[in-house]
$ cat query-v4.cif   # mmCIF, C-alpha atoms
data_protein
loop_
_atom_site.group_PDB
_atom_site.id
_atom_site.type_symbol
_atom_site.label_atom_id
_atom_site.label_comp_id
_atom_site.auth_asym_id
_atom_site.auth_seq_id
_atom_site.Cartn_x
_atom_site.Cartn_y
_atom_site.Cartn_z
ATOM 1 C CA MET A 189 104.063 112.489 78.493
ATOM 2 C CA SER A 190 103.294 114.444 75.365
ATOM 3 C CA THR A 191 101.925 117.964 75.548
ATOM 4 C CA LYS A 192 98.629 116.802 74.020
ATOM 5 C CA LYS A 193 98.215 114.017 76.572
ATOM 6 C CA LEU A 194 99.059 116.426 79.388
ATOM 7 C CA ALA A 195 96.421 118.845 78.108
ATOM 8 C CA LEU A 196 93.834 116.061 77.786
ATOM 9 C CA THR A 197 94.665 114.827 81.291
ATOM 10 C CA ALA A 198 94.161 118.345 82.657
ATOM 11 C CA LEU A 199 90.862 118.547 80.799
ATOM 12 C CA PHE A 200 89.762 115.197 82.244
ATOM 13 C CA ILE A 201 90.714 116.387 85.755
ATOM 14 C CA CYS A 202 88.629 119.524 85.236
ATOM 15 C CA PHE A 203 85.634 117.542 83.930
ATOM 16 C CA ALA A 204 85.800 115.008 86.770
ATOM 17 C CA GLY A 205 86.365 117.684 89.425
ATOM 18 C CA ALA A 206 83.525 119.817 88.113
ATOM 19 C CA LEU A 207 81.152 116.829 88.081
ATOM 20 C CA SER A 208 82.182 115.916 91.646
ATOM 21 C CA ALA A 209 81.817 119.504 92.840
ATOM 22 C CA LEU A 210 78.453 119.856 91.120
ATOM 23 C CA GLU A 211 77.263 116.791 92.985
ATOM 24 C CA SER A 212 78.437 118.293 96.282
ATOM 25 C CA ILE A 213 76.877 121.676 95.655
ATOM 26 C CA LEU A 214 73.612 120.439 94.132
ATOM 27 C CA PRO A 215 72.865 117.101 95.771
ATOM 28 C CA ILE A 216 71.133 114.857 93.273
ATOM 29 C CA VAL A 217 70.161 112.437 96.057
ATOM 30 C CA PRO A 218 68.521 114.147 99.056
ATOM 31 C CA VAL A 219 70.275 111.926 101.652
ATOM 32 C CA ASN A 220 73.409 113.263 103.359
ATOM 33 C CA GLY A 221 76.607 111.593 102.166
ATOM 34 C CA ILE A 222 75.058 109.777 99.225
ATOM 35 C CA ARG A 223 76.166 110.767 95.757
ATOM 36 C CA VAL A 224 75.900 109.129 92.372
ATOM 37 C CA GLY A 225 79.639 109.423 91.670
ATOM 38 C CA LEU A 226 79.537 111.359 88.423
ATOM 39 C CA GLY A 227 83.295 112.014 88.571
ATOM 40 C CA ASN A 228 83.858 108.275 88.193
ATOM 41 C CA ILE A 229 82.475 108.468 84.661
ATOM 42 C CA VAL A 230 85.713 110.181 83.646
ATOM 43 C CA THR A 231 87.846 107.625 85.511
ATOM 44 C CA LEU A 232 85.986 104.740 83.858
ATOM 45 C CA PHE A 233 86.283 106.450 80.477
ATOM 46 C CA ILE A 234 90.076 106.620 80.844
ATOM 47 C CA LEU A 235 90.283 102.997 82.010
ATOM 48 C CA TYR A 236 88.289 101.750 79.026
ATOM 49 C CA ILE A 237 89.317 104.116 76.211
ATOM 50 C CA GLY A 238 92.328 102.012 75.277
ATOM 51 C CA GLY A 239 95.193 103.235 73.147
ATOM 52 C CA LYS A 240 97.961 104.808 75.218
ATOM 53 C CA TRP A 241 95.752 105.422 78.288
ATOM 54 C CA ARG A 242 96.542 103.231 81.292
ATOM 55 C CA GLY A 243 95.442 102.716 84.866
ATOM 56 C CA ALA A 244 98.077 105.170 86.110
ATOM 57 C CA ASP A 245 96.421 107.903 84.039
ATOM 58 C CA ALA A 246 93.028 107.083 85.563
ATOM 59 C CA LEU A 247 94.520 107.114 89.072
ATOM 60 C CA THR A 248 96.131 110.497 88.420
ATOM 61 C CA VAL A 249 92.791 111.946 87.341
ATOM 62 C CA ALA A 250 90.937 110.313 90.257
ATOM 63 C CA VAL A 251 93.366 111.741 92.829
ATOM 64 C CA LEU A 252 93.707 115.221 91.368
ATOM 65 C CA ARG A 253 89.969 115.582 90.813
ATOM 66 C CA CYS A 254 89.471 115.255 94.585
ATOM 67 C CA PHE A 255 91.683 118.278 95.208
ATOM 68 C CA PHE A 256 90.105 120.227 92.365
ATOM 69 C CA ALA A 257 86.584 119.514 93.653
ATOM 70 C CA ALA A 258 87.689 120.502 97.174
ATOM 71 C CA LEU A 259 88.994 123.810 95.811
ATOM 72 C CA ILE A 260 85.670 124.465 94.103
ATOM 73 C CA THR A 261 83.557 123.546 97.136
ATOM 74 C CA GLY A 262 85.953 124.907 99.760
ATOM 75 C CA SER A 263 85.805 121.692 101.780
ATOM 76 C CA LEU A 264 89.057 120.053 102.864
ATOM 77 C CA THR A 265 87.039 117.283 104.518
ATOM 78 C CA ASN A 266 85.536 116.398 101.131
ATOM 79 C CA ALA A 267 89.076 116.092 99.772
ATOM 80 C CA LEU A 268 89.977 113.594 102.504
ATOM 81 C CA TYR A 269 86.876 111.502 101.905
ATOM 82 C CA GLY A 270 87.247 111.724 98.139
ATOM 83 C CA LEU A 271 90.958 110.948 98.135
ATOM 84 C CA THR A 272 90.689 107.782 100.216
ATOM 85 C CA GLY A 273 87.608 106.634 98.385
ATOM 86 C CA GLY A 274 89.006 107.616 94.987
ATOM 87 C CA ILE A 275 92.247 105.675 95.393
ATOM 88 C CA LEU A 276 90.453 102.546 96.586
ATOM 89 C CA ALA A 277 87.786 102.900 93.888
ATOM 90 C CA CYS A 278 90.311 103.302 91.099
ATOM 91 C CA GLY A 279 92.264 100.274 92.311
ATOM 92 C CA ALA A 280 89.067 98.212 92.468
ATOM 93 C CA MET A 281 87.991 99.289 88.983
ATOM 94 C CA MET A 282 91.423 98.473 87.538
ATOM 95 C CA THR A 283 91.288 95.040 89.174
ATOM 96 C CA ALA A 284 87.702 94.401 88.041
ATOM 97 C CA GLN A 285 88.380 95.307 84.440
ATOM 98 C CA ARG A 286 91.371 92.947 84.324
ATOM 99 C CA ILE A 287 89.228 90.037 85.546
ATOM 100 C CA PHE A 288 86.873 90.251 82.574
ATOM 101 C CA PRO A 289 87.615 88.996 79.059
ATOM 102 C CA LYS A 290 89.682 91.160 76.765
ATOM 103 C CA THR A 291 88.480 92.277 73.344
ATOM 104 C CA GLU A 292 90.128 92.713 69.996
ATOM 105 C CA GLY A 293 90.730 96.149 68.528
ATOM 106 C CA GLU A 294 91.061 99.577 70.101
ATOM 107 C CA MET A 295 89.115 98.802 73.262
ATOM 108 C CA ARG A 296 91.373 96.571 75.344
ATOM 109 C CA PHE A 297 88.538 95.632 77.691
ATOM 110 C CA ASP A 298 84.971 94.546 77.027
ATOM 111 C CA THR A 299 82.696 97.522 77.714
ATOM 112 C CA ARG A 300 79.732 95.244 78.483
ATOM 113 C CA PHE A 301 81.232 94.880 81.972
ATOM 114 C CA LEU A 302 81.356 98.633 82.633
ATOM 115 C CA PRO A 303 78.330 98.649 84.988
ATOM 116 C CA PHE A 304 79.905 95.944 87.159
ATOM 117 C CA THR A 305 83.246 97.759 87.114
ATOM 118 C CA GLY A 306 81.410 100.925 88.171
ATOM 119 C CA VAL A 307 79.758 99.068 91.066
ATOM 120 C CA CYS A 308 83.134 97.707 92.220
ATOM 121 C CA GLY A 309 84.540 101.236 92.212
ATOM 122 C CA ALA A 310 81.533 102.650 94.051
ATOM 123 C CA VAL A 311 81.631 99.969 96.756
ATOM 124 C CA PHE A 312 85.329 100.540 97.390
ATOM 125 C CA HIS A 313 84.798 104.304 97.334
ATOM 126 C CA ILE A 314 82.253 103.862 100.131
ATOM 127 C CA ALA A 315 84.713 101.637 102.019
ATOM 128 C CA GLY A 316 87.356 104.373 101.801
ATOM 129 C CA GLN A 317 84.913 107.025 102.946
ATOM 130 C CA LEU A 318 83.772 104.917 105.901
ATOM 131 C CA LEU A 319 87.386 104.276 106.896
ATOM 132 C CA THR A 320 88.043 108.019 106.761
ATOM 133 C CA ALA A 321 84.913 108.735 108.818
ATOM 134 C CA VAL A 322 85.959 106.234 111.490
ATOM 135 C CA LEU A 323 89.391 107.894 111.687
ATOM 136 C CA ILE A 324 88.034 111.463 111.705
ATOM 137 C CA TYR A 325 85.250 110.888 114.222
ATOM 138 C CA GLY A 326 87.077 108.254 116.269
ATOM 139 C CA THR A 327 84.053 105.992 116.502
ATOM 140 C CA LYS A 328 82.865 102.869 114.748
ATOM 141 C CA TYR A 329 79.221 103.962 115.013
ATOM 142 C CA VAL A 330 79.453 105.621 111.599
ATOM 143 C CA LEU A 331 79.530 102.078 110.204
ATOM 144 C CA ALA A 332 75.817 101.784 111.006
ATOM 145 C CA TYR A 333 75.286 103.799 107.809
ATOM 146 C CA THR A 334 76.952 101.042 105.744
ATOM 147 C CA PRO A 335 73.834 99.238 104.394
ATOM 148 C CA ILE A 336 72.378 102.485 103.048
ATOM 149 C CA LEU A 337 75.694 103.506 101.512
ATOM 150 C CA LEU A 338 76.268 100.105 99.905
ATOM 151 C CA THR A 339 72.796 100.157 98.371
ATOM 152 C CA SER A 340 73.497 103.595 96.949
ATOM 153 C CA ALA A 341 76.894 102.355 95.690
ATOM 154 C CA VAL A 342 75.274 99.578 93.669
ATOM 155 C CA ILE A 343 72.771 102.004 92.131
ATOM 156 C CA GLY A 344 75.306 104.793 91.537
ATOM 157 C CA GLY A 345 78.014 102.450 90.234
ATOM 158 C CA THR A 346 75.605 100.874 87.775
ATOM 159 C CA PHE A 347 74.529 104.330 86.618
ATOM 160 C CA THR A 348 78.096 105.606 86.113
ATOM 161 C CA GLY A 349 79.050 102.403 84.312
ATOM 162 C CA LEU A 350 76.082 102.708 81.972
ATOM 163 C CA CYS A 351 76.826 106.400 81.344
ATOM 164 C CA THR A 352 80.424 105.555 80.474
ATOM 165 C CA MET A 353 79.292 102.759 78.170
ATOM 166 C CA LEU A 354 76.968 105.150 76.341
ATOM 167 C CA LEU A 355 79.712 107.772 76.153
ATOM 168 C CA LEU A 356 82.135 105.314 74.559
ATOM 169 C CA LYS A 357 79.485 104.131 72.082
ATOM 170 C CA LYS A 358 78.064 107.541 71.141
ATOM 171 C CA LEU A 359 81.183 109.712 70.821
ATOM 172 C CA PRO A 360 82.407 110.001 67.230
ATOM 173 C CA GLN A 361 85.001 107.363 66.373
ATOM 174 C CA LYS A 362 87.376 110.027 65.057
ATOM 175 C CA LEU A 363 87.328 111.800 68.440
ATOM 176 C CA LEU A 364 87.920 108.550 70.342
ATOM 177 C CA ASP A 365 90.795 107.629 68.010
ATOM 178 C CA GLY A 366 92.332 111.081 68.572
ATOM 179 C CA ILE A 367 92.187 110.611 72.338
ATOM 180 C CA ARG A 368 93.614 107.071 72.144
ATOM 181 C CA GLU A 369 96.659 108.257 70.194
ATOM 182 C CA GLN A 370 97.797 110.659 72.905
#
$ encode --input "query-v4.cif" --output "structure tokens"
Amino acid sequence: MSTKKLALTALFICFAGALSALESILPIVPVNGIRVGLGNIVTLFILYIGGKWRGADALTVAVLRCFFAALITGSLTNALYGLTGGILACGAMMTAQRIFPKTEGEMRFDTRFLPFTGVCGAVFHIAGQLLTAVLIYGTKYVLAYTPILLTSAVIGGTFTGLCTMLLLKKLPQKLLDGIREQ
């Protein structure tokens, strides 16, 4: 890995961790356990930027952002929930993006499918969090919360996908090309 790519990866981890921590500290949705998933914007950005960025880079950012956000918030439990959900979400988003048609040019994948990819990631993130909750609390009764969480996953995943799509369309081409080359 080049020094520039390492620095950009660290920057992406900081952005994603800060967005995740901000969501934990200042809940955007006033229901316990429901978040929009702003940190996934960075993961989706890496998955769709193209160039030399691959799924492994997105997974690295997704995993390390969980620890970074836990350091900011001081919650080890959040790290456990985020880590399980983040790994499953990243895997789901990588799988989803490979299902859709490829494009020509710098963007390897068609960004029109970003909202659906975001929903796939959000749903699997919820699945990971529910699995963690069942293991931590030792009861399956936490699964009663599933319909509410899945509804929020569809809304949040669509939102993060749309935000990533706008980010990729609105950032200056020169900046995107510079990131792709690393």
$ residues_around --input "query-v4.cif" --residues "segment 307-314 of chain A" --least-positions-apart "3" --cutoff "8 Å" --atoms "all atoms listed in the file" --output "VMD selection string"
chain A and resid 225 270 272 to 281 284 303 to 304 317 to 318 337 to 338 341 to 346 349
$ closest_residue --input "query-v4.cif" --among "A:Thr327, A:Ser212, A:Gln361, A:Thr299" --to "Asn266 of chain A" --atoms "all atoms listed in the file"
A:Ser212
$ residues_around --input "query-v4.cif" --residues "Lys328 of chain A" --least-positions-apart "4" --cutoff "10 Å" --atoms "all atoms listed in the file" --output "ChimeraX atom specification"
/A:318-319,321-323,332
$ closest_residue --input "query-v4.cif" --among "A:Leu356, A:Thr348, A:Gly238, A:Ile213" --to "Lys290 of chain A" --atoms "all atoms listed in the file"
A:Gly238
$ axis_aligned_box --input "query-v4.cif" --around "segment 308-311 of chain A" --padding-each-side "6 Å" --output "AutoDock Vina command-line options"
--center_x 83.0 --center_y 100.2 --center_z 94.5 --size_x 15.0 --size_y 16.9 --size_z 16.5
$ residues_around --input "query-v4.cif" --residues "segment 191-198 of chain A" --least-positions-apart "6" --cutoff "10 Å" --atoms "only C-alpha atoms" --output "VMD selection string"
chain A and resid 204 234 240 to 241 245 to 246 248 to 249 252 to 253 367 to 370
$ residues_around --input "query-v4.cif" --residues "Leu271 of chain A" --least-positions-apart "4" --cutoff "6 Å" --atoms "only C-alpha atoms" --output "PyMOL selection string"
chain A and resi 251+254+267
$ closest_residue --input "query-v4.cif" --among "A:Ala315, A:Cys202, A:Leu359, A:Leu268" --to "Tyr333 of chain A" --atoms "only C-alpha atoms"
A:Ala315
$ closest_residue --input "query-v4.cif" --among "A:Leu232, A:Ile260, A:Asn220, A:Ile237" --to "Ser208 of chain A" --atoms "only C-alpha atoms"
A:Ile260
$ resolve_selection --input "query-v4.cif" --expression "the PyMOL selection byres ((chain A and resi 227) around 9)" --output "PyMOL selection string"
chain A and resi 203-209+211+224-226+228-231+250+253+348
$ write_last_selection --input "query-v4.cif" --atoms "C-alpha atoms" --output "short mmCIF file (atom, residue, chain, number, x, y, z; two decimals), in the coordinates of the input"
data_model
loop_
_atom_site.label_atom_id
_atom_site.label_comp_id
_atom_site.auth_asym_id
_atom_site.auth_seq_id
_atom_site.Cartn_x
_atom_site.Cartn_y
_atom_site.Cartn_z
CA PHE A 203 85.63 117.54 83.93
CA ALA A 204 85.80 115.01 86.77
CA GLY A 205 86.36 117.68 89.42
CA ALA A 206 83.52 119.82 88.11
CA LEU A 207 81.15 116.83 88.08
CA SER A 208 82.18 115.92 91.65
CA ALA A 209 81.82 119.50 92.84
CA GLU A 211 77.26 116.79 92.98
CA VAL A 224 75.90 109.13 92.37
CA GLY A 225 79.64 109.42 91.67
CA LEU A 226 79.54 111.36 88.42
CA ASN A 228 83.86 108.28 88.19
CA ILE A 229 82.48 108.47 84.66
CA VAL A 230 85.71 110.18 83.65
CA THR A 231 87.85 107.62 85.51
CA ALA A 250 90.94 110.31 90.26
CA ARG A 253 89.97 115.58 90.81
CA THR A 348 78.10 105.61 86.11
#
$ atom_distance --input "query-v4.cif" --atom1 "atom CA of Phe256 of chain A" --atom2 "atom CA of Phe200 of chain A"
11.3 Å
$ atom_distance --input "query-v4.cif" --atom1 "atom CA of Leu264 of chain A" --atom2 "atom CA of Cys351 of chain A"
28.3 Å
$ atom_distance --input "query-v4.cif" --atom1 "atom CA of Lys357 of chain A" --atom2 "atom CA of Leu247 of chain A"
22.9 Å
$ decode --input "query-v4.cif" --residues "segment 273-286 of chain A" --atoms "all heavy atoms" --output "CSV table (one decimal), in the first residue's frame"
chain,number,residue,atom,x,y,z
A,273,GLY,N,-22.2,-6.0,12.9
A,273,GLY,CA,-23.0,-5.5,11.9
A,273,GLY,C,-22.2,-4.9,10.7
A,273,GLY,O,-22.6,-5.1,9.5
A,274,GLY,N,-21.1,-4.3,11.0
A,274,GLY,CA,-20.2,-3.7,9.9
A,274,GLY,C,-19.7,-4.8,9.0
A,274,GLY,O,-19.6,-4.6,7.8
A,275,ILE,N,-19.2,-5.9,9.5
A,275,ILE,CA,-18.6,-6.9,8.7
A,275,ILE,C,-19.7,-7.5,7.8
A,275,ILE,O,-19.5,-7.7,6.6
A,275,ILE,CB,-18.0,-8.0,9.6
A,275,ILE,CG1,-16.7,-7.5,10.2
A,275,ILE,CG2,-17.7,-9.3,8.7
A,275,ILE,CD1,-16.1,-8.3,11.3
A,276,LEU,N,-20.9,-7.8,8.4
A,276,LEU,CA,-22.0,-8.4,7.6
A,276,LEU,C,-22.5,-7.4,6.6
A,276,LEU,O,-22.8,-7.8,5.4
A,276,LEU,CB,-23.1,-8.8,8.5
A,276,LEU,CG,-22.9,-10.1,9.4
A,276,LEU,CD1,-24.1,-10.4,10.2
A,276,LEU,CD2,-22.6,-11.3,8.5
A,277,ALA,N,-22.6,-6.1,7.0
A,277,ALA,CA,-23.1,-5.1,6.0
A,277,ALA,C,-22.1,-4.9,4.9
A,277,ALA,O,-22.5,-4.8,3.7
A,277,ALA,CB,-23.2,-3.8,6.8
A,278,CYS,N,-20.8,-4.9,5.2
A,278,CYS,CA,-19.8,-4.7,4.1
A,278,CYS,C,-19.9,-5.9,3.1
A,278,CYS,O,-19.9,-5.7,1.9
A,278,CYS,CB,-18.4,-4.5,4.7
A,278,CYS,SG,-17.3,-3.8,3.5
A,279,GLY,N,-20.0,-7.1,3.6
A,279,GLY,CA,-20.1,-8.3,2.8
A,279,GLY,C,-21.3,-8.2,1.9
A,279,GLY,O,-21.3,-8.6,0.7
A,280,ALA,N,-22.4,-7.8,2.5
A,280,ALA,CA,-23.7,-7.7,1.8
A,280,ALA,C,-23.6,-6.6,0.7
A,280,ALA,O,-24.1,-6.9,-0.5
A,280,ALA,CB,-24.9,-7.4,2.7
A,281,MET,N,-23.0,-5.5,1.0
A,281,MET,CA,-22.9,-4.4,0.0
A,281,MET,C,-21.9,-4.9,-1.1
A,281,MET,O,-22.2,-4.5,-2.3
A,281,MET,CB,-22.4,-3.1,0.7
A,281,MET,CG,-23.5,-2.5,1.5
A,281,MET,SD,-23.1,-0.9,2.2
A,281,MET,CE,-21.7,-1.3,3.3
A,282,MET,N,-20.9,-5.6,-0.8
A,282,MET,CA,-19.9,-6.0,-1.9
A,282,MET,C,-20.7,-7.0,-2.8
A,282,MET,O,-20.5,-7.0,-4.0
A,282,MET,CB,-18.7,-6.7,-1.3
A,282,MET,CG,-17.7,-5.7,-0.7
A,282,MET,SD,-16.1,-6.5,-0.2
A,282,MET,CE,-16.6,-7.2,1.4
A,283,THR,N,-21.5,-7.9,-2.2
A,283,THR,CA,-22.2,-8.9,-3.0
A,283,THR,C,-23.3,-8.2,-3.8
A,283,THR,O,-23.4,-8.5,-5.0
A,283,THR,CB,-22.9,-9.9,-2.0
A,283,THR,OG1,-21.9,-10.6,-1.2
A,283,THR,CG2,-23.7,-11.0,-2.8
A,284,ALA,N,-24.0,-7.3,-3.2
A,284,ALA,CA,-25.0,-6.5,-4.0
A,284,ALA,C,-24.5,-5.8,-5.2
A,284,ALA,O,-25.0,-5.8,-6.3
A,284,ALA,CB,-25.8,-5.6,-3.0
A,285,GLN,N,-23.4,-5.1,-5.0
A,285,GLN,CA,-22.8,-4.3,-6.1
A,285,GLN,C,-22.3,-5.2,-7.2
A,285,GLN,O,-22.4,-4.8,-8.4
A,285,GLN,CB,-21.7,-3.4,-5.6
A,285,GLN,CG,-20.4,-4.0,-5.6
A,285,GLN,CD,-19.2,-3.0,-5.3
A,285,GLN,OE1,-18.3,-3.5,-4.8
A,285,GLN,NE2,-19.3,-1.7,-5.6
A,286,ARG,N,-21.9,-6.4,-6.9
A,286,ARG,CA,-21.4,-7.3,-8.0
A,286,ARG,C,-22.6,-7.9,-8.7
A,286,ARG,O,-22.4,-8.4,-9.9
A,286,ARG,CB,-20.6,-8.4,-7.4
A,286,ARG,CG,-19.3,-7.9,-6.8
A,286,ARG,CD,-18.3,-8.9,-6.4
A,286,ARG,NE,-17.2,-8.5,-5.6
A,286,ARG,CZ,-16.3,-7.6,-6.0
A,286,ARG,NH1,-16.4,-7.0,-7.2
A,286,ARG,NH2,-15.3,-7.2,-5.2
